[in-house]
Amino acid sequence: MPKTTRRALSLMFGATLFAPAAIAQDAPDFAAPVRLMAGDKFLGHRRGFPSPVFHDIDGDGLRDLVIGDLPGRLTVARRLPGDGPARFGPETKLLGADGKNLDFANW
Amino acid sequence: MSPQFVDFDADGKLDIVAGIFDGSPHLSRGTDKGFGAPEQILDRDGRRIVLDQFWNFDTKKWDRATRKAGEPLQLGGGHATSAIAWDWDGDGDLDLLLGDHASDHVYLRRNEGTAQVPAFGKDNEELQAGGAPLLVPGTVATLRVLDWNGDGKPDLLASGMGDAFQDGPGGGVYVFLNTGDATTVLGAPITLVPRSTKSDDQPTRPDAGLYADAFDLDGDGDLDLVVGGYSHWTPKGAALDEAQQQRVAVLQVAIATQEARLQQLQAEVVAAHDKARVGLDEEQANKKYSELYKARQPERSEIQKQLQAGKAELDSLVPAVRRESFVWYYENLAGRTAR
């Protein structure tokens with residue numbers, strides 16, 4: 001793929017599409033999964049079908065985690081700066097342009 | 001709902017695309033002041049985009065439609081609770097992929113407009129992978145577009161719902177690699193996280209309702225996974241003496257009796273309503289049902305109270321299945337091994 005096309009697609013998908021990745025054609029080995037923390041609580045704990053997506057919500061260059069759920073609400077756990085294993089701050093509600101909770105539960 | 005941050009209308013601002021429980025994809029537009037109120041993404045004729053089943057806002061009931069290309073096509077109920085925008089056909093604008101919560105299938109709505117002014121077709125096209133229908137075992141929970149193998153082509157990451165409430169098989173995570181050039185051609189699925197058998201005595205993984213995303217979280221050059229979902233586990237119980245075993249048997253009978261009584265009570269409410277609703281319009285019939293239901297509430301509450309106490313005591317002797325949601329991190333070891 002030409003570099004110009006690659007750059008255009010990266011912009012389209014908010015630079016999430018073309019993250020550096022080792023070549024993988026088969027299933028890789030994963031370490032045993034661990035529960036992520038948001039502050040001192042489990043991330044997404046007791047949310048209805050928590051759905052995480054990586055996104056730099058505050059433009060600090062660190063990929064945060066945005067969590068959607070079944071009722072259609074969104075929270076953000078900001079990635080904390082620093083070396084070592086990734087750490088995330090407490091979940092906060094994602095607000096819309098009107099200053100209210102961004103809410104997809106309009107049904 | 002499974003959010004995707006993407007510049008949906010090519011205006012240079014990231015928007016949020018998400019399928020939600022009502023069965024249609026939604027859009028929250030990015031503005032200079034933040035994200036706008038979510039709206040439905042409509043097709044070129046201004047109609048809701050659905051697979052088959054959807055929540056009808058006018059009648060406030062579940063409804064059905066048939067909007068599909070070709071016959072016969074098994075939609076399996078067709079409930080699109082997940083959606084992502086992806087330039088599937090390589091024409092420079094974003095199409096929509098719809099994941100079916102009611103089956104294992106994924107469908108395509110082509111953008112027949114432009115990148116700036118999308119106009120989605122009226123038909124759902126069934127996606128293929130490896131020369132066969134693309135299937136996400138356990139029904140589709142979420143879809144992600146990302147370059148899994150670093151070849152510069154967008155691949156599809158998908159995760160499955162599985163049995164999120166009972167003891168059936170759980171969900172897994174899969175990647176479908178893209179081998180196409182001008183347009184997308186997906187290969188057979190590679191299993192990243194196998195389906196769960198829910199056999200653990202403590203939370204060890206997301207077992208059902210798996211919602212995945214991938215990113216190089218530890219910076220070692222490969223893509224790691226984060227997976228939201230429900231863990232199902234059954235704690236080990238202590239060995240029971242004879243008296244405790246007898247108590248368990250008594251409690252099990254009592255619980256079964258109380259649950260049957262609750263069902264009986266509800267059946268009596270429905271039967272009474274069937275008689276009372278004759279000649280009533282829908283609003284009057286609903287009101288009558290509420291009256292009949294409330295009239296039995298004291299009895300219902302007493303049974304539920306006993307049931308709750310019995311289950312708590314039984315759980316102290318024979319632990320029941322636990323079900324709680326978390327978000328899990330799967331560290332990809334490929335990068336660590338390569339160093």
# chains A, B, ... in the order shown; residues from 1 in each chain; ligands from 1
$ select_by_dssp --residues "segment 109-331 of chain B" --states "alpha helix (DSSP H)" --output "VMD selection string"
chain B and resid 242 to 276 282 to 295 297 to 317
$ write_last_selection --atoms "C-alpha atoms" --output "mmCIF file, in the first residue's frame"
data_model
loop_
_atom_site.group_PDB
_atom_site.id
_atom_site.type_symbol
_atom_site.label_atom_id
_atom_site.label_comp_id
_atom_site.auth_asym_id
_atom_site.auth_seq_id
_atom_site.Cartn_x
_atom_site.Cartn_y
_atom_site.Cartn_z
ATOM 1 C CA GLU B 242 -24.750 -35.347 56.587
ATOM 2 C CA ALA B 243 -26.908 -32.699 58.248
ATOM 3 C CA GLN B 244 -25.794 -30.076 55.747
ATOM 4 C CA GLN B 245 -26.512 -32.412 52.848
ATOM 5 C CA GLN B 246 -30.017 -32.962 54.200
ATOM 6 C CA ARG B 247 -30.473 -29.215 54.550
ATOM 7 C CA VAL B 248 -29.369 -28.724 50.928
ATOM 8 C CA ALA B 249 -32.021 -31.201 49.797
ATOM 9 C CA VAL B 250 -34.700 -29.385 51.799
ATOM 10 C CA LEU B 251 -33.670 -26.006 50.416
ATOM 11 C CA GLN B 252 -33.619 -27.268 46.825
ATOM 12 C CA VAL B 253 -37.176 -28.574 47.155
ATOM 13 C CA ALA B 254 -38.341 -25.336 48.778
ATOM 14 C CA ILE B 255 -36.747 -23.208 46.070
ATOM 15 C CA ALA B 256 -38.244 -25.296 43.287
ATOM 16 C CA THR B 257 -41.652 -25.035 44.945
ATOM 17 C CA GLN B 258 -41.398 -21.268 45.348
ATOM 18 C CA GLU B 259 -40.244 -20.772 41.758
ATOM 19 C CA ALA B 260 -43.135 -22.890 40.531
ATOM 20 C CA ARG B 261 -45.491 -20.833 42.694
ATOM 21 C CA LEU B 262 -44.195 -17.625 41.105
ATOM 22 C CA GLN B 263 -44.818 -19.050 37.641
ATOM 23 C CA GLN B 264 -48.281 -20.163 38.681
ATOM 24 C CA LEU B 265 -49.039 -16.734 40.049
ATOM 25 C CA GLN B 266 -47.974 -15.066 36.809
ATOM 26 C CA ALA B 267 -50.042 -17.535 34.792
ATOM 27 C CA GLU B 268 -53.075 -16.628 36.904
ATOM 28 C CA VAL B 269 -52.483 -12.918 36.217
ATOM 29 C CA VAL B 270 -52.275 -13.559 32.475
ATOM 30 C CA ALA B 271 -55.395 -15.748 32.512
ATOM 31 C CA ALA B 272 -57.339 -13.128 34.439
ATOM 32 C CA HIS B 273 -56.162 -10.467 32.004
ATOM 33 C CA ASP B 274 -57.219 -12.522 29.008
ATOM 34 C CA LYS B 275 -60.765 -12.570 30.396
ATOM 35 C CA ALA B 276 -60.823 -8.955 31.551
ATOM 36 C CA GLU B 282 -54.858 -1.400 23.970
ATOM 37 C CA GLU B 283 -54.406 1.379 26.494
ATOM 38 C CA GLN B 284 -57.271 0.144 28.665
ATOM 39 C CA ALA B 285 -55.993 -3.423 28.411
ATOM 40 C CA ASN B 286 -52.513 -2.363 29.547
ATOM 41 C CA LYS B 287 -54.020 -0.490 32.474
ATOM 42 C CA LYS B 288 -56.060 -3.555 33.436
ATOM 43 C CA TYR B 289 -52.961 -5.719 33.311
ATOM 44 C CA SER B 290 -51.152 -3.330 35.669
ATOM 45 C CA GLU B 291 -54.078 -3.485 38.090
ATOM 46 C CA LEU B 292 -54.168 -7.272 38.067
ATOM 47 C CA TYR B 293 -50.390 -7.502 38.421
ATOM 48 C CA LYS B 294 -50.291 -5.078 41.354
ATOM 49 C CA ALA B 295 -53.148 -6.890 43.076
ATOM 50 C CA GLN B 297 -47.848 -8.066 44.439
ATOM 51 C CA PRO B 298 -48.040 -8.749 48.212
ATOM 52 C CA GLU B 299 -48.145 -12.486 47.576
ATOM 53 C CA ARG B 300 -45.406 -12.198 44.973
ATOM 54 C CA SER B 301 -43.173 -10.199 47.309
ATOM 55 C CA GLU B 302 -43.555 -12.738 50.123
ATOM 56 C CA ILE B 303 -42.582 -15.622 47.851
ATOM 57 C CA GLN B 304 -39.620 -13.668 46.474
ATOM 58 C CA LYS B 305 -38.471 -12.854 49.994
ATOM 59 C CA GLN B 306 -38.514 -16.533 50.968
ATOM 60 C CA LEU B 307 -36.868 -17.469 47.709
ATOM 61 C CA GLN B 308 -34.064 -14.979 48.221
ATOM 62 C CA ALA B 309 -33.399 -16.194 51.745
ATOM 63 C CA GLY B 310 -33.423 -19.816 50.632
ATOM 64 C CA LYS B 311 -31.023 -19.181 47.767
ATOM 65 C CA ALA B 312 -28.654 -17.277 50.041
ATOM 66 C CA GLU B 313 -28.565 -20.165 52.517
ATOM 67 C CA LEU B 314 -28.134 -22.707 49.729
ATOM 68 C CA ASP B 315 -25.323 -20.616 48.245
ATOM 69 C CA SER B 316 -23.495 -20.714 51.573
ATOM 70 C CA LEU B 317 -23.548 -24.511 51.370
#
$ residues_around --residues "segment 30-37 of chain A" --least-positions-apart "2" --cutoff "9 Å" --atoms "only C-alpha atoms" --output "number ranges by chain"
A: 28, 39-44, 87-90; B: 192-193, 204-206, 224-226, 326-334
$ residues_around --residues "segment 21-28 of chain B" --least-positions-apart "3" --cutoff "10 Å" --atoms "only C-alpha atoms" --output "CSV table (one decimal) with N, CA and C atoms, in the first residue's frame"
chain,number,residue,atom,x,y,z
A,69,ASP,N,-21.5,0.7,26.9
A,69,ASP,CA,-22.2,-0.4,27.5
A,69,ASP,C,-23.6,-0.6,26.9
A,70,LEU,N,-24.3,-1.6,27.4
A,70,LEU,CA,-25.6,-1.9,26.8
A,70,LEU,C,-26.6,-0.8,26.9
A,71,PRO,N,-26.6,0.0,28.0
A,71,PRO,CA,-27.6,1.1,28.0
A,71,PRO,C,-27.2,2.2,27.1
A,72,GLY,N,-26.0,2.2,26.5
A,72,GLY,CA,-25.6,3.2,25.5
A,72,GLY,C,-24.8,4.4,26.1
A,96,GLY,N,-21.0,15.1,26.1
A,96,GLY,CA,-21.2,15.6,24.8
A,96,GLY,C,-20.9,17.1,24.7
A,102,LEU,N,-23.0,11.9,27.2
A,102,LEU,CA,-23.2,11.4,25.8
A,102,LEU,C,-24.0,10.1,26.0
A,103,ASP,N,-25.2,10.0,25.4
A,103,ASP,CA,-26.1,8.9,25.7
A,103,ASP,C,-26.6,8.4,24.4
A,104,PHE,N,-26.3,7.1,24.1
A,104,PHE,CA,-26.8,6.5,22.9
A,104,PHE,C,-28.1,5.7,23.1
A,105,ALA,N,-28.6,5.8,24.4
A,105,ALA,CA,-29.8,5.0,24.7
A,105,ALA,C,-31.0,5.8,24.4
A,106,ASN,N,-31.3,6.1,23.2
A,106,ASN,CA,-32.4,6.9,22.8
A,106,ASN,C,-33.6,6.0,22.4
A,107,TRP,N,-33.6,4.8,22.7
A,107,TRP,CA,-34.7,4.0,22.3
A,107,TRP,C,-35.6,3.7,23.5
B,1,MET,N,-23.6,-1.5,23.4
B,1,MET,CA,-23.1,-0.7,22.2
B,1,MET,C,-21.6,-0.7,22.2
B,2,SER,N,-21.0,-0.7,21.0
B,2,SER,CA,-19.6,-0.8,20.8
B,2,SER,C,-19.1,0.4,20.0
B,3,PRO,N,-18.5,1.4,20.7
B,3,PRO,CA,-18.2,2.6,20.0
B,3,PRO,C,-16.9,2.5,19.0
B,4,GLN,N,-17.0,3.2,17.9
B,4,GLN,CA,-15.8,3.3,17.0
B,4,GLN,C,-15.5,4.8,16.8
B,5,PHE,N,-14.3,5.2,17.0
B,5,PHE,CA,-13.9,6.6,16.7
B,5,PHE,C,-13.4,6.6,15.3
B,8,PHE,N,-16.3,9.9,10.1
B,8,PHE,CA,-17.4,9.3,9.3
B,8,PHE,C,-17.7,10.1,8.1
B,14,LEU,N,-13.0,13.6,14.3
B,14,LEU,CA,-13.4,12.2,14.6
B,14,LEU,C,-14.9,12.2,15.1
B,15,ASP,N,-15.6,11.2,14.6
B,15,ASP,CA,-17.0,11.0,15.1
B,15,ASP,C,-17.0,9.7,15.8
B,16,ILE,N,-18.2,9.4,16.4
B,16,ILE,CA,-18.4,8.0,17.0
B,16,ILE,C,-19.5,7.3,16.3
B,17,VAL,N,-19.2,6.1,15.8
B,17,VAL,CA,-20.2,5.2,15.2
B,17,VAL,C,-20.4,4.1,16.1
B,18,ALA,N,-21.6,3.7,16.3
B,18,ALA,CA,-21.9,2.6,17.2
B,18,ALA,C,-23.2,1.9,16.8
B,31,THR,N,-17.6,17.7,16.8
B,31,THR,CA,-17.6,19.2,16.5
B,31,THR,C,-16.5,19.9,17.2
B,34,GLY,N,-17.1,19.4,20.8
B,34,GLY,CA,-17.2,18.0,21.4
B,34,GLY,C,-18.2,17.2,20.5
B,35,PHE,N,-18.6,16.1,21.1
B,35,PHE,CA,-19.5,15.2,20.3
B,35,PHE,C,-21.0,15.6,20.4
B,36,GLY,N,-21.6,15.5,19.3
B,36,GLY,CA,-23.0,15.9,19.3
B,36,GLY,C,-23.9,14.8,19.7
B,37,ALA,N,-25.2,15.1,19.8
B,37,ALA,CA,-26.2,14.1,20.3
B,37,ALA,C,-26.3,13.0,19.2
B,38,PRO,N,-26.3,11.7,19.7
B,38,PRO,CA,-26.3,10.6,18.7
B,38,PRO,C,-27.6,10.6,17.9
B,39,GLU,N,-27.4,10.3,16.6
B,39,GLU,CA,-28.5,10.2,15.7
B,39,GLU,C,-28.4,8.9,14.9
B,40,GLN,N,-29.5,8.4,14.3
B,40,GLN,CA,-29.5,7.2,13.5
B,40,GLN,C,-28.8,7.5,12.2
B,41,ILE,N,-28.0,6.5,11.7
B,41,ILE,CA,-27.5,6.6,10.4
B,41,ILE,C,-28.6,6.0,9.5
B,42,LEU,N,-29.0,6.8,8.5
B,42,LEU,CA,-30.1,6.4,7.6
B,42,LEU,C,-29.5,5.9,6.2
B,48,ARG,N,-34.4,3.9,8.3
B,48,ARG,CA,-33.5,3.2,9.2
B,48,ARG,C,-32.7,2.1,8.6
B,49,ILE,N,-31.5,1.9,9.0
B,49,ILE,CA,-30.7,0.8,8.6
B,49,ILE,C,-30.9,-0.3,9.6
B,50,VAL,N,-31.4,-1.4,9.2
B,50,VAL,CA,-31.6,-2.6,10.0
B,50,VAL,C,-31.3,-3.8,9.3
B,51,LEU,N,-31.1,-4.9,10.0
B,51,LEU,CA,-31.0,-6.2,9.4
B,51,LEU,C,-32.4,-6.8,9.2
B,52,ASP,N,-33.1,-7.0,10.3
B,52,ASP,CA,-34.4,-7.6,10.3
B,52,ASP,C,-35.2,-7.1,11.5
B,53,GLN,N,-34.7,-7.4,12.7
B,53,GLN,CA,-35.4,-7.1,13.9
B,53,GLN,C,-34.9,-5.7,14.4
B,54,PHE,N,-35.9,-4.9,14.8
B,54,PHE,CA,-35.5,-3.6,15.3
B,54,PHE,C,-36.5,-3.1,16.3
B,55,TRP,N,-36.2,-2.1,17.1
B,55,TRP,CA,-37.1,-1.5,18.0
B,55,TRP,C,-37.8,-0.4,17.2
B,56,ASN,N,-39.1,-0.5,17.2
B,56,ASN,CA,-40.0,0.5,16.4
B,56,ASN,C,-40.3,1.6,17.4
B,57,PHE,N,-39.7,2.8,17.1
B,57,PHE,CA,-40.0,4.0,17.9
B,57,PHE,C,-41.4,4.4,17.9
B,62,TRP,N,-40.9,-4.3,19.5
B,62,TRP,CA,-40.0,-4.9,18.5
B,62,TRP,C,-40.7,-5.1,17.2
B,78,GLY,N,-31.7,-11.4,12.5
B,78,GLY,CA,-31.1,-10.1,12.0
B,78,GLY,C,-31.2,-9.0,13.0
B,79,HIS,N,-30.5,-9.0,14.0
B,79,HIS,CA,-30.5,-7.9,15.0
B,79,HIS,C,-29.1,-7.2,15.1
B,80,ALA,N,-29.0,-6.1,14.4
B,80,ALA,CA,-27.7,-5.4,14.3
B,80,ALA,C,-27.4,-4.6,15.5
B,81,THR,N,-26.7,-5.2,16.4
B,81,THR,CA,-26.3,-4.4,17.6
B,81,THR,C,-24.9,-3.9,17.6
B,82,SER,N,-24.1,-4.3,16.5
B,82,SER,CA,-22.8,-3.7,16.4
B,82,SER,C,-22.6,-3.2,15.0
B,83,ALA,N,-21.8,-2.2,14.8
B,83,ALA,CA,-21.6,-1.6,13.5
B,83,ALA,C,-20.2,-0.9,13.5
B,84,ILE,N,-19.6,-1.0,12.3
B,84,ILE,CA,-18.3,-0.2,12.1
B,84,ILE,C,-18.4,0.4,10.7
B,85,ALA,N,-17.7,1.5,10.6
B,85,ALA,CA,-17.5,2.1,9.3
B,85,ALA,C,-16.1,1.7,8.7
B,96,LEU,N,-20.6,0.5,5.7
B,96,LEU,CA,-21.0,0.1,7.1
B,96,LEU,C,-21.0,-1.5,7.1
B,97,LEU,N,-20.3,-2.0,8.2
B,97,LEU,CA,-20.4,-3.4,8.5
B,97,LEU,C,-21.3,-3.6,9.7
B,98,LEU,N,-22.3,-4.5,9.6
B,98,LEU,CA,-23.3,-4.7,10.6
B,98,LEU,C,-23.1,-6.1,11.2
B,99,GLY,N,-23.0,-6.2,12.5
B,99,GLY,CA,-22.8,-7.5,13.1
B,99,GLY,C,-24.2,-7.9,13.7
B,100,ASP,N,-24.5,-9.2,13.5
B,100,ASP,CA,-25.8,-9.7,13.9
B,100,ASP,C,-25.8,-10.4,15.2
B,101,HIS,N,-26.5,-9.8,16.2
B,101,HIS,CA,-26.5,-10.4,17.5
B,101,HIS,C,-27.4,-11.6,17.6
$ residues_around --residues "Asp83 of chain A" --least-positions-apart "3" --cutoff "12 Å" --atoms "only C-alpha atoms" --output "PyMOL selection string"
(chain A and resi 62+79-80+86-87) or (chain B and resi 217-219)
$ write_last_selection --atoms "N, CA and C atoms" --output "CSV table (one decimal), in the first residue's frame"
chain,number,residue,atom,x,y,z
A,62,LEU,N,-1.3,9.7,24.7
A,62,LEU,CA,-1.5,8.3,25.3
A,62,LEU,C,-2.9,7.8,25.0
A,79,ARG,N,-5.3,7.0,30.3
A,79,ARG,CA,-4.0,6.3,30.5
A,79,ARG,C,-3.1,7.3,31.3
A,80,LEU,N,-2.5,6.8,32.4
A,80,LEU,CA,-1.7,7.6,33.2
A,80,LEU,C,-0.2,7.6,32.6
A,86,ALA,N,0.9,-0.5,31.7
A,86,ALA,CA,-0.1,0.6,31.5
A,86,ALA,C,-1.0,0.7,32.8
A,87,ARG,N,-1.2,1.9,33.2
A,87,ARG,CA,-2.1,2.2,34.3
A,87,ARG,C,-3.2,3.2,33.8
B,217,LEU,N,-0.3,-2.0,23.6
B,217,LEU,CA,-0.4,-1.3,24.9
B,217,LEU,C,1.0,-1.3,25.7
B,218,ASP,N,1.7,-2.3,25.5
B,218,ASP,CA,3.0,-2.4,26.2
B,218,ASP,C,4.2,-1.9,25.3
B,219,GLY,N,3.9,-1.5,24.1
B,219,GLY,CA,4.9,-0.9,23.2
B,219,GLY,C,6.0,-1.9,22.8
$ atom_distance --atom1 "atom CA of Leu186 of chain B" --atom2 "atom CA of Asn111 of chain B"
19.2 Å
$ select_by_dssp --residues "segment 32-272 of chain B" --states "strand (DSSP E)" --output "VMD selection string"
chain B and resid 34 to 35 39 to 40 53 to 56 61 to 64 80 to 86 95 to 100 106 to 109 125 to 126 128 to 129 132 to 133 140 to 146 155 to 160 173 to 176 190 to 193 208 to 215 224 to 233
$ residues_around --residues "Asp45 of chain B" --least-positions-apart "2" --cutoff "12 Å" --atoms "only C-alpha atoms" --output "list in words"
Ile41, Leu42, Asp43, Arg47, Arg48, Ile49, Glu112, Gly113, Pro118, Ala119, Phe120, Gly121, Lys122 and Asp123 of chain B
$ closest_residue --among "B:Asn149, B:Ser159, B:Ser196, B:Thr59" --to "His105 of chain B" --atoms "only C-alpha atoms"
B:Ser159
$ atom_distance --atom1 "atom CA of Ala212 of chain B" --atom2 "atom CA of Gly59 of chain A"
22.6 Å
$ closest_residue --among "B:Pro137, B:Gly209, B:Gly170, B:Gly187" --to "chain A" --atoms "only C-alpha atoms"
B:Gly209
$ atom_distance --atom1 "atom CA of Asp200 of chain B" --atom2 "atom CA of Ala238 of chain B"
16.0 Å
